[in-house]
$ cat model.pdb   # PDB, C-alpha atoms
ATOM      1  CA  MET A   1     -24.722 136.868   9.851
ATOM      2  CA  GLN A   2     -24.099 135.253  13.238
ATOM      3  CA  GLU A   3     -21.723 137.071  15.554
ATOM      4  CA  THR A   4     -18.269 135.510  15.919
ATOM      5  CA  THR A   5     -17.932 133.257  18.964
ATOM      6  CA  ARG A   6     -14.510 132.287  20.306
ATOM      7  CA  ILE A   7     -14.024 128.831  21.809
ATOM      8  CA  ASN A   8     -11.254 126.576  23.072
ATOM      9  CA  LEU A   9     -10.981 122.936  22.029
ATOM     10  CA  ALA A  10      -9.912 120.063  24.295
ATOM     11  CA  LEU A  11      -9.037 116.959  22.260
ATOM     12  CA  GLN A  12      -8.794 113.559  23.928
ATOM     13  CA  GLY A  13      -6.425 110.774  23.000
ATOM     14  CA  GLY A  14      -7.585 107.283  22.094
ATOM     15  CA  GLY A  15      -5.501 105.859  19.275
ATOM     16  CA  ALA A  16      -7.271 105.353  15.957
ATOM     17  CA  HIS A  17     -10.527 106.440  17.605
ATOM     18  CA  GLY A  18      -9.140 109.954  17.191
ATOM     19  CA  ALA A  19     -10.688 109.768  13.703
ATOM     20  CA  PHE A  20     -13.968 110.617  15.462
ATOM     21  CA  THR A  21     -12.357 113.887  16.571
ATOM     22  CA  TRP A  22     -11.300 114.492  12.968
ATOM     23  CA  GLY A  23     -14.961 114.264  11.956
ATOM     24  CA  VAL A  24     -16.059 116.685  14.683
ATOM     25  CA  LEU A  25     -13.366 119.191  13.716
ATOM     26  CA  ASP A  26     -14.171 118.789  10.043
ATOM     27  CA  ARG A  27     -17.749 119.903  10.773
ATOM     28  CA  LEU A  28     -16.912 122.695  13.237
ATOM     29  CA  LEU A  29     -14.423 124.222  10.805
ATOM     30  CA  GLN A  30     -17.282 124.800   8.357
ATOM     31  CA  GLU A  31     -18.883 127.280  10.758
ATOM     32  CA  GLU A  32     -17.425 130.686   9.890
ATOM     33  CA  TRP A  33     -18.847 132.218  13.074
ATOM     34  CA  LEU A  34     -16.804 129.844  15.276
ATOM     35  CA  GLU A  35     -13.270 131.032  16.019
ATOM     36  CA  ILE A  36     -10.908 128.503  17.603
ATOM     37  CA  ALA A  37      -8.753 130.452  20.042
ATOM     38  CA  ALA A  38      -6.750 127.592  21.578
ATOM     39  CA  ILE A  39      -6.376 123.820  21.463
ATOM     40  CA  SER A  40      -5.217 121.422  24.161
ATOM     41  CA  GLY A  41      -4.542 117.947  22.813
ATOM     42  CA  THR A  42      -3.195 114.637  24.034
ATOM     43  CA  SER A  43      -1.997 111.646  22.006
ATOM     44  CA  ALA A  44      -4.333 111.390  18.989
ATOM     45  CA  GLY A  45      -5.671 114.763  20.113
ATOM     46  CA  ALA A  46      -2.155 116.168  19.817
ATOM     47  CA  LEU A  47      -1.887 114.906  16.231
ATOM     48  CA  ASN A  48      -5.292 116.360  15.393
ATOM     49  CA  GLY A  49      -4.354 119.659  17.020
ATOM     50  CA  ALA A  50      -1.031 119.890  15.203
ATOM     51  CA  ALA A  51      -2.631 119.091  11.837
ATOM     52  CA  LEU A  52      -5.380 121.665  12.379
ATOM     53  CA  LYS A  53      -2.906 124.348  13.441
ATOM     54  CA  SER A  54      -0.502 123.682  10.557
ATOM     55  CA  GLY A  55      -3.275 123.671   7.984
ATOM     56  CA  TRP A  56      -4.910 126.774   9.443
ATOM     57  CA  VAL A  57      -1.683 128.775   9.253
ATOM     58  CA  ALA A  58      -1.211 127.623   5.638
ATOM     59  CA  ASP A  59      -4.719 128.245   4.313
ATOM     60  CA  GLY A  60      -7.271 129.017   7.016
ATOM     61  CA  ARG A  61     -10.251 126.714   7.507
ATOM     62  CA  ALA A  62      -9.855 124.970   4.165
ATOM     63  CA  GLY A  63      -6.197 124.306   4.943
ATOM     64  CA  ALA A  64      -7.059 122.897   8.374
ATOM     65  CA  ARG A  65      -9.643 120.518   6.927
ATOM     66  CA  ALA A  66      -7.225 119.394   4.201
ATOM     67  CA  ALA A  67      -4.408 118.798   6.710
ATOM     68  CA  LEU A  68      -6.667 116.705   8.954
ATOM     69  CA  ALA A  69      -7.803 114.598   5.995
ATOM     70  CA  GLU A  70      -4.181 114.076   4.947
ATOM     71  CA  LEU A  71      -3.193 113.070   8.487
ATOM     72  CA  TRP A  72      -5.856 110.385   8.740
ATOM     73  CA  GLY A  73      -5.179 109.187   5.238
ATOM     74  CA  GLN A  74      -1.638 108.485   6.391
ATOM     75  CA  VAL A  75      -2.780 106.865   9.662
ATOM     76  CA  SER A  76      -5.177 104.541   7.838
ATOM     77  CA  GLY A  77      -2.309 103.522   5.576
ATOM     78  CA  LEU A  78      -0.058 102.365   8.412
ATOM     79  CA  GLY A  79      -1.296  98.785   8.208
ATOM     80  CA  ASP A  80      -0.946  96.224  10.961
ATOM     81  CA  MET A  81       0.110  92.573  10.973
ATOM     82  CA  ARG A  82      -2.405  91.752  13.667
ATOM     83  CA  ILE A  83      -5.133  91.273  11.056
ATOM     84  CA  PRO A  84      -4.950  90.088   7.427
ATOM     85  CA  VAL A  85      -5.279  92.988   4.980
ATOM     86  CA  TRP A  86      -8.070  91.227   3.051
ATOM     87  CA  MET A  87     -10.294  91.145   6.154
ATOM     88  CA  ASP A  88     -10.634  94.933   6.341
ATOM     89  CA  GLY A  89     -12.772  95.131   3.191
ATOM     90  CA  LEU A  90     -15.120  92.464   4.508
ATOM     91  CA  ILE A  91     -15.958  94.265   7.783
ATOM     92  CA  PRO A  92     -18.951  96.596   7.299
ATOM     93  CA  GLU A  93     -19.501  97.988  10.806
ATOM     94  CA  PRO A  94     -17.159  99.165  13.603
ATOM     95  CA  TYR A  95     -18.763  96.734  16.082
ATOM     96  CA  PHE A  96     -17.919  93.747  13.904
ATOM     97  CA  ALA A  97     -14.451  95.145  13.237
ATOM     98  CA  ALA A  98     -13.783  95.220  16.969
ATOM     99  CA  ARG A  99     -15.058  91.675  17.415
ATOM    100  CA  ALA A 100     -13.111  90.371  14.388
ATOM    101  CA  LEU A 101      -9.896  91.914  15.631
ATOM    102  CA  GLU A 102     -10.358  90.507  19.106
ATOM    103  CA  VAL A 103     -10.551  86.926  17.783
ATOM    104  CA  SER A 104      -7.779  87.429  15.232
ATOM    105  CA  PRO A 105      -4.790  85.216  16.120
ATOM    106  CA  PHE A 106      -2.490  87.975  14.869
ATOM    107  CA  PHE A 107      -3.995  90.493  17.282
ATOM    108  CA  ALA A 108      -3.928  87.960  20.134
ATOM    109  CA  LEU A 109      -0.236  87.255  19.509
ATOM    110  CA  ALA A 110       0.649  90.955  19.360
ATOM    111  CA  ASP A 111      -1.430  91.640  22.474
ATOM    112  CA  MET A 112       0.370  88.880  24.374
ATOM    113  CA  MET A 113       3.775  90.114  23.230
ATOM    114  CA  GLY A 114       2.928  93.633  24.354
ATOM    115  CA  ARG A 115       2.335  92.328  27.865
ATOM    116  CA  VAL A 116       5.532  90.292  28.212
ATOM    117  CA  VAL A 117       8.033  91.865  25.780
ATOM    118  CA  SER A 118       9.436  95.320  26.426
ATOM    119  CA  PRO A 119       9.630  97.723  23.446
ATOM    120  CA  TYR A 120      13.318  98.050  24.400
ATOM    121  CA  ALA A 121      13.849  94.359  23.563
ATOM    122  CA  TYR A 122      13.746  94.995  19.805
ATOM    123  CA  GLY A 123      17.089  96.789  19.768
ATOM    124  CA  PRO A 124      18.004  98.175  16.312
ATOM    125  CA  PHE A 125      14.743  96.767  14.886
ATOM    126  CA  TYR A 126      12.602  99.090  17.025
ATOM    127  CA  GLN A 127      10.550 101.617  15.090
ATOM    128  CA  ASN A 128       7.713 103.945  16.105
ATOM    129  CA  PRO A 129       5.186 103.736  13.223
ATOM    130  CA  LEU A 130       3.953 107.266  13.964
ATOM    131  CA  GLN A 131       7.381 108.842  13.498
ATOM    132  CA  ARG A 132       7.278 109.331   9.731
ATOM    133  CA  ILE A 133       3.765 110.820   9.976
ATOM    134  CA  VAL A 134       4.692 113.232  12.745
ATOM    135  CA  GLU A 135       7.934 114.297  11.076
ATOM    136  CA  ASP A 136       5.909 115.224   7.994
ATOM    137  CA  PHE A 137       4.294 118.148   9.872
ATOM    138  CA  ASP A 138       5.497 121.662   9.008
ATOM    139  CA  PHE A 139       6.644 122.718  12.481
ATOM    140  CA  GLY A 140       7.225 126.279  11.320
ATOM    141  CA  ARG A 141       3.427 126.436  11.089
ATOM    142  CA  VAL A 142       2.679 124.195  14.080
ATOM    143  CA  CYS A 143       4.797 126.451  16.318
ATOM    144  CA  ASP A 144       3.613 129.760  14.838
ATOM    145  CA  VAL A 145       2.556 131.856  17.838
ATOM    146  CA  ALA A 146       1.357 134.798  15.729
ATOM    147  CA  HIS A 147      -1.274 133.034  13.620
ATOM    148  CA  GLY A 148      -3.994 130.467  14.180
ATOM    149  CA  PRO A 149      -5.097 128.978  17.502
ATOM    150  CA  GLU A 150      -2.716 128.454  20.415
ATOM    151  CA  LEU A 151      -1.607 124.830  20.661
ATOM    152  CA  HIS A 152      -0.878 122.998  23.923
ATOM    153  CA  ILE A 153       0.290 119.366  23.983
ATOM    154  CA  CYS A 154       0.351 117.174  27.088
ATOM    155  CA  ALA A 155       2.846 114.417  27.987
ATOM    156  CA  THR A 156       3.640 112.512  31.191
ATOM    157  CA  ASN A 157       7.080 112.707  32.816
ATOM    158  CA  VAL A 158       8.159 109.104  33.399
ATOM    159  CA  ARG A 159      10.426 109.787  36.383
ATOM    160  CA  ASP A 160       8.175 111.992  38.528
ATOM    161  CA  GLY A 161       4.758 111.159  37.045
ATOM    162  CA  LYS A 162       3.871 114.827  36.561
ATOM    163  CA  VAL A 163       2.033 116.388  33.660
ATOM    164  CA  ARG A 164       4.069 118.499  31.234
ATOM    165  CA  VAL A 165       2.355 120.811  28.785
ATOM    166  CA  PHE A 166       4.354 121.988  25.776
ATOM    167  CA  ALA A 167       3.373 125.066  23.773
ATOM    168  CA  GLY A 168       4.633 127.383  21.042
ATOM    169  CA  GLU A 169       8.222 126.875  19.979
ATOM    170  CA  GLU A 170       8.654 124.017  22.499
ATOM    171  CA  ILE A 171       6.644 121.757  20.201
ATOM    172  CA  ASP A 172       8.512 119.463  17.822
ATOM    173  CA  SER A 173       8.124 115.920  16.524
ATOM    174  CA  ASN A 174       9.409 114.421  19.788
ATOM    175  CA  VAL A 175       6.774 116.291  21.802
ATOM    176  CA  ILE A 176       3.940 114.857  19.703
ATOM    177  CA  LEU A 177       5.478 111.365  19.795
ATOM    178  CA  ALA A 178       5.838 111.662  23.569
ATOM    179  CA  SER A 179       2.190 112.657  23.936
ATOM    180  CA  ALA A 180       1.199 109.477  22.049
ATOM    181  CA  CYS A 181       3.760 107.155  23.657
ATOM    182  CA  LEU A 182       1.976 104.123  25.106
ATOM    183  CA  PRO A 183       4.706 102.532  27.260
ATOM    184  CA  THR A 184       3.832  98.923  26.403
ATOM    185  CA  LEU A 185       4.203  99.658  22.682
ATOM    186  CA  PHE A 186       6.784 102.419  22.361
ATOM    187  CA  GLN A 187      10.054 103.377  23.988
ATOM    188  CA  ALA A 188       9.877 106.503  26.164
ATOM    189  CA  VAL A 189      10.633 109.673  24.236
ATOM    190  CA  GLU A 190      13.604 111.669  25.513
ATOM    191  CA  ILE A 191      13.181 115.458  25.549
ATOM    192  CA  GLY A 192      16.055 117.305  27.140
ATOM    193  CA  ASP A 193      17.069 115.388  30.259
ATOM    194  CA  GLU A 194      13.638 113.840  30.809
ATOM    195  CA  ALA A 195      11.721 110.855  29.443
ATOM    196  CA  TYR A 196       8.031 111.032  28.576
ATOM    197  CA  TRP A 197       5.076 108.698  28.098
ATOM    198  CA  ASP A 198       1.539 109.224  26.836
ATOM    199  CA  GLY A 199      -0.086 112.388  28.177
ATOM    200  CA  GLY A 200      -3.356 110.538  28.777
ATOM    201  CA  TYR A 201      -2.140 109.341  32.179
ATOM    202  CA  THR A 202      -1.990 112.876  33.577
ATOM    203  CA  GLY A 203      -4.139 114.997  31.257
ATOM    204  CA  ASN A 204      -6.522 113.620  28.662
ATOM    205  CA  PRO A 205      -6.574 116.385  27.674
ATOM    206  CA  ALA A 206      -5.160 118.940  30.101
ATOM    207  CA  LEU A 207      -7.755 121.695  30.567
ATOM    208  CA  PHE A 208      -5.792 124.091  32.782
ATOM    209  CA  PRO A 209      -3.803 125.686  29.893
ATOM    210  CA  LEU A 210      -7.173 126.905  28.600
ATOM    211  CA  PHE A 211      -7.951 128.826  31.812
ATOM    212  CA  ALA A 212      -5.674 131.749  30.856
ATOM    213  CA  PRO A 213      -7.453 135.133  31.071
ATOM    214  CA  ARG A 214      -6.608 135.935  27.436
ATOM    215  CA  LEU A 215      -8.637 132.943  26.244
ATOM    216  CA  PRO A 216     -12.444 132.640  25.956
ATOM    217  CA  ASP A 217     -14.498 131.040  28.729
ATOM    218  CA  ASP A 218     -15.957 128.231  26.584
ATOM    219  CA  ILE A 219     -14.157 124.879  26.357
ATOM    220  CA  VAL A 220     -15.533 122.282  23.942
ATOM    221  CA  ILE A 221     -14.268 118.817  24.916
ATOM    222  CA  ILE A 222     -14.260 116.170  22.185
ATOM    223  CA  ASN A 223     -14.496 112.963  24.166
ATOM    224  CA  ILE A 224     -13.578 109.591  22.660
ATOM    225  CA  ASN A 225     -13.195 107.467  25.812
ATOM    226  CA  PRO A 226     -16.678 106.543  27.071
ATOM    227  CA  LEU A 227     -17.340 107.695  30.614
ATOM    228  CA  HIS A 228     -19.962 105.020  31.205
ATOM    229  CA  ARG A 229     -20.419 101.390  30.188
ATOM    230  CA  ASP A 230     -23.597  99.487  30.998
ATOM    231  CA  HIS A 231     -21.973  96.084  31.342
ATOM    232  CA  VAL A 232     -19.172  94.822  33.568
ATOM    233  CA  PRO A 233     -16.313  93.575  31.332
ATOM    234  CA  ARG A 234     -15.559  89.861  31.629
ATOM    235  CA  SER A 235     -13.074  88.949  28.904
ATOM    236  CA  ALA A 236      -9.398  89.745  29.437
ATOM    237  CA  GLN A 237      -9.394  92.225  26.554
ATOM    238  CA  ASP A 238     -12.593  93.954  27.707
ATOM    239  CA  ILE A 239     -11.176  94.288  31.219
ATOM    240  CA  GLN A 240      -7.949  95.765  29.873
ATOM    241  CA  ASN A 241      -9.890  98.128  27.640
ATOM    242  CA  ARG A 242     -12.027  99.417  30.525
ATOM    243  CA  ILE A 243      -8.954  99.896  32.720
ATOM    244  CA  ASN A 244      -7.502 102.009  29.905
ATOM    245  CA  GLU A 245     -10.687 104.074  29.591
ATOM    246  CA  ILE A 246     -10.985 104.694  33.326
ATOM    247  CA  SER A 247      -7.333 105.679  33.738
ATOM    248  CA  PHE A 248      -7.437 107.959  30.696
ATOM    249  CA  ASN A 249     -10.627 109.667  31.889
ATOM    250  CA  SER A 250      -9.596 110.100  35.538
ATOM    251  CA  SER A 251      -7.499 113.244  35.009
ATOM    252  CA  LEU A 252     -10.272 114.850  32.939
ATOM    253  CA  LEU A 253     -12.866 114.104  35.622
ATOM    254  CA  ARG A 254     -10.630 115.643  38.296
ATOM    255  CA  GLU A 255     -10.364 118.854  36.307
ATOM    256  CA  LEU A 256     -14.112 118.906  35.659
ATOM    257  CA  ARG A 257     -14.737 118.517  39.395
ATOM    258  CA  ALA A 258     -12.435 121.478  40.060
ATOM    259  CA  ILE A 259     -14.270 123.559  37.445
ATOM    260  CA  ASP A 260     -17.606 122.717  39.063
ATOM    261  CA  PHE A 261     -16.227 123.697  42.478
ATOM    262  CA  VAL A 262     -15.089 127.096  41.192
ATOM    263  CA  GLN A 263     -18.425 127.618  39.444
ATOM    264  CA  ARG A 264     -20.241 127.023  42.748
ATOM    265  CA  LEU A 265     -17.921 129.343  44.653
ATOM    266  CA  LEU A 266     -18.608 132.122  42.159
ATOM    267  CA  SER A 267     -22.349 131.478  42.070
ATOM    268  CA  ASP A 268     -22.577 131.484  45.884
ATOM    269  CA  GLY A 269     -20.570 134.686  46.155
ATOM    270  CA  ALA A 270     -17.878 132.917  48.199
ATOM    271  CA  VAL A 271     -15.245 134.579  45.997
ATOM    272  CA  ALA A 272     -15.446 137.934  44.260
ATOM    273  CA  GLU A 273     -16.619 138.006  40.644
ATOM    274  CA  GLY A 274     -13.553 138.057  38.407
ATOM    275  CA  ALA A 275     -11.216 136.670  41.066
ATOM    276  CA  MET A 276     -11.402 133.258  39.358
ATOM    277  CA  LYS A 277     -12.338 132.357  35.803
ATOM    278  CA  LYS A 278     -15.818 130.910  35.365
ATOM    279  CA  VAL A 279     -15.264 128.354  32.628
ATOM    280  CA  ARG A 280     -18.185 127.064  30.554
ATOM    281  CA  VAL A 281     -17.869 123.417  29.515
ATOM    282  CA  HIS A 282     -19.410 121.732  26.472
ATOM    283  CA  MET A 283     -18.875 118.163  25.259
ATOM    284  CA  VAL A 284     -19.192 116.369  21.942
ATOM    285  CA  ALA A 285     -19.234 112.579  22.235
ATOM    286  CA  ASP A 286     -20.825 109.367  20.972
ATOM    287  CA  ASP A 287     -20.668 106.892  23.827
ATOM    288  CA  VAL A 288     -23.011 104.479  22.040
ATOM    289  CA  LEU A 289     -20.528 104.070  19.184
ATOM    290  CA  MET A 290     -17.496 103.964  21.476
ATOM    291  CA  ASN A 291     -19.137 101.238  23.567
ATOM    292  CA  ASP A 292     -19.254  99.105  20.419
ATOM    293  CA  LEU A 293     -15.511  99.523  19.881
ATOM    294  CA  SER A 294     -12.567  98.305  21.920
ATOM    295  CA  VAL A 295      -8.834  98.566  22.479
ATOM    296  CA  ALA A 296      -8.414  96.529  19.285
ATOM    297  CA  THR A 297      -9.830  99.246  17.038
ATOM    298  CA  LYS A 298      -7.731 101.835  18.879
ATOM    299  CA  LEU A 299      -4.514 100.028  18.040
ATOM    300  CA  VAL A 300      -5.277  98.805  14.517
ATOM    301  CA  PRO A 301      -6.172 101.689  12.162
ATOM    302  CA  LEU A 302      -8.585  99.926   9.808
ATOM    303  CA  PRO A 303      -9.485 102.305   6.944
ATOM    304  CA  SER A 304     -13.155 101.261   7.067
ATOM    305  CA  VAL A 305     -13.440 102.002  10.785
ATOM    306  CA  ILE A 306     -11.545 105.304  10.468
ATOM    307  CA  SER A 307     -13.949 106.400   7.728
ATOM    308  CA  GLN A 308     -16.980 105.486   9.819
ATOM    309  CA  LEU A 309     -15.538 107.187  12.892
ATOM    310  CA  HIS A 310     -15.039 110.364  10.839
ATOM    311  CA  ASP A 311     -18.646 110.242   9.638
ATOM    312  CA  ALA A 312     -19.868 109.622  13.187
ATOM    313  CA  GLY A 313     -17.867 112.637  14.358
ATOM    314  CA  VAL A 314     -19.443 114.824  11.680
ATOM    315  CA  GLU A 315     -22.902 113.654  12.779
ATOM    316  CA  ALA A 316     -22.116 114.198  16.476
ATOM    317  CA  ALA A 317     -20.948 117.754  15.739
ATOM    318  CA  GLU A 318     -24.098 118.373  13.699
ATOM    319  CA  VAL A 319     -26.254 117.230  16.618
ATOM    320  CA  PHE A 320     -24.233 119.354  19.054
ATOM    321  CA  LEU A 321     -24.546 122.487  16.922
ATOM    322  CA  ALA A 322     -28.284 121.987  16.439
ATOM    323  CA  ALA A 323     -28.784 121.679  20.182
ATOM    324  CA  HIS A 324     -26.147 124.032  21.611
ATOM    325  CA  ALA A 325     -24.913 126.544  19.029
ATOM    326  CA  ASP A 326     -26.809 129.273  20.888
ATOM    327  CA  ASP A 327     -25.235 128.197  24.211
ATOM    328  CA  LEU A 328     -21.676 128.851  23.056
ATOM    329  CA  GLY A 329     -20.436 132.093  24.525
ATOM    330  CA  VAL A 330     -23.515 132.328  26.757
ATOM    331  CA  ARG A 331     -24.091 129.326  29.011
ATOM    332  CA  GLN A 332     -22.672 125.878  29.811
ATOM    333  CA  SER A 333     -24.307 122.932  28.054
ATOM    334  CA  ALA A 334     -22.525 120.047  29.827
ATOM    335  CA  ASN A 335     -23.869 118.662  33.105
ATOM    336  CA  LEU A 336     -20.641 118.214  35.049
ATOM    337  CA  ARG A 337     -22.258 116.555  38.081
ATOM    338  CA  ASP A 338     -23.594 113.749  35.897
ATOM    339  CA  MET A 339     -20.071 113.064  34.710
ATOM    340  CA  PHE A 340     -18.200 112.768  38.009
ATOM    341  CA  GLU A 341     -20.820 111.900  40.658
TER     342      GLU A 341
END
$ encode --input "model.pdb" --output "structure tokens"
Amino acid sequence: MQETTRINLALQGGGAHGAFTWGVLDRLLQEEWLEIAAISGTSAGALNGAALKSGWVADGRAGARAALAELWGQVSGLGDMRIPVWMDGLIPEPYFAARALEVSPFFALADMMGRVVSPYAYGPFYQNPLQRIVEDFDFGRVCDVAHGPELHICATNVRDGKVRVFAGEEIDSNVILASACLPTLFQAVEIGDEAYWDGGYTGNPALFPLFAPRLPDDIVIININPLHRDHVPRSAQDIQNRINEISFNSSLLRELRAIDFVQRLLSDGAVAEGAMKKVRVHMVADDVLMNDLSVATKLVPLPSVISQLHDAGVEAAEVFLAAHADDLGVRQSANLRDMFE
């Protein structure tokens, strides 16, 4: 039997594309030798993290997998008026789903409204579609500090633009809604005396909570915003989508650069061994698939695309484990320089 290896998980946000993360987690949870010590999640990553934690506290690995499946079953049932319901069953591949949505007049109208109409303009008719899903979590389990992995959730303070990481008993439905609050779609979420927007602007996800000495050195990042695109975007929607990807990856790249700097200081003997934590970074991603998708499939949770994203996540985790299972707990598998240089 393989020796137990403790890891931390860093879960990116990216709307409905977070179903890819569900697939990765679904596969990793089947490995009894992998112990998840802590999770840092933003936006969709926060929902995935909360579902995993709640399910784990209820019934271990099986409970975590069941809770994640239930979460995404609810997300795929949200529906969206930007595309006719009958079209979903006729779209076989994510690429074609993205293209169909982009030319849908319903999506175009909603996209235009999101650019010129404030979410505060709807008055008493305003509703956050994620609220009923988030409020369905058992926060007694989500906030349990004695069992299951630590959970850290990132949001962005609207007034000062700083990152705020919530953990333990600080986490409630408002914290998760704040972490997933895109300001063009949703009203800022008030927590205490402060207002918060999506955590992706300042930490997607935040890695620094995972640097604590009590936690293992290995961080597995599940990336759903492609770092690289071969082609320069030309359509208005493609340009907007790439702006979103770049802005939501910028905070992650800054933290990866800092990790690389510390690694070099330790390797060169510039600082004493043990004076700083030498983090080992691993990444699970499928940039080929994510390049075929767009902002449209992030915002419209088509059941067919969510199912295919889950399956792609399972496959990506399978490939990662085949290549790097022996690296976990021993050596870094991600090439950080290739990511930020």
$ closest_residue --input "model.pdb" --among "A:Ile133, A:Met339, A:Val117, A:Val145" --to "Pro226 in chain A" --atoms "all atoms listed in the file"
A:Met339
$ atom_distance --input "model.pdb" --atom1 "CA of Ile39 in chain A" --atom2 "CA of Thr184 in chain A"
27.4 Å
$ resolve_selection --input "model.pdb" --expression "the PyMOL selection byres ((chain A and resi 72) around 9)" --output "ChimeraX atom specification"
/A:16,19,22,48,67-71,73-77,306
$ atom_distance --input "model.pdb" --atom1 "CA of Leu215 in chain A" --atom2 "CA of Ser43 in chain A"
22.7 Å
$ closest_residue --input "model.pdb" --among "A:Ala270, A:Ala38, A:Val330, A:Ala316" --to "Asp287 in chain A" --atoms "all atoms listed in the file"
A:Ala316
$ residues_around --input "model.pdb" --residues "Met290 in chain A" --least-positions-apart "4" --cutoff "9 Å" --atoms "all atoms listed in the file" --output "JSON, numbers by chain"
{"A": [17, 224, 225, 226, 285, 286, 294]}
$ resolve_selection --input "model.pdb" --expression "the PyMOL selection byres ((chain A and resi 54) around 7)" --output "ChimeraX atom specification"
/A:50-53,55-58,64,138,141-142
$ resolve_selection --input "model.pdb" --expression "the PyMOL selection byres ((chain A and resi 185) around 9)" --output "ChimeraX atom specification"
/A:114,118-119,128,181-184,186-187
$ closest_residue --input "model.pdb" --among "A:Arg6, A:Gly148, A:Gly200, A:Val134" --to "Gly161 in chain A" --atoms "all atoms listed in the file"
A:Gly200
$ closest_residue --input "model.pdb" --among "A:Arg65, A:His282, A:Arg229, A:Arg254" --to "Asp217 in chain A" --atoms "all atoms listed in the file"
A:His282
$ residues_around --input "model.pdb" --residues "Asp230 in chain A" --least-positions-apart "5" --cutoff "12 Å" --atoms "only C-alpha atoms" --output "MDAnalysis selection string"
chainID A and resid 242 287:288 291:292
$ closest_residue --input "model.pdb" --among "A:Ala37, A:Ala44, A:Ala212, A:Val300" --to "Leu177 in chain A" --atoms "only C-alpha atoms"
A:Ala44
$ atom_distance --input "model.pdb" --atom1 "CA of Asp311 in chain A" --atom2 "CA of Ala66 in chain A"
15.6 Å
$ residues_around --input "model.pdb" --residues "range 192-196 of chain A" --least-positions-apart "2" --cutoff "7 Å" --atoms "all atoms listed in the file" --output "ChimeraX atom specification"
/A:155-158,178,188-190,198
$ closest_residue --input "model.pdb" --among "A:Leu336, A:Ile176, A:Ala121, A:Leu9" --to "Asp218 in chain A" --atoms "all atoms listed in the file"
A:Leu9
$ axis_aligned_box --input "model.pdb" --around "range 161-169 of chain A" --padding-each-side "3 Å" --output "JSON"
{"center_x": 5.1, "center_y": 119.3, "center_z": 28.5, "size_x": 12.2, "size_y": 22.2, "size_z": 23.1}
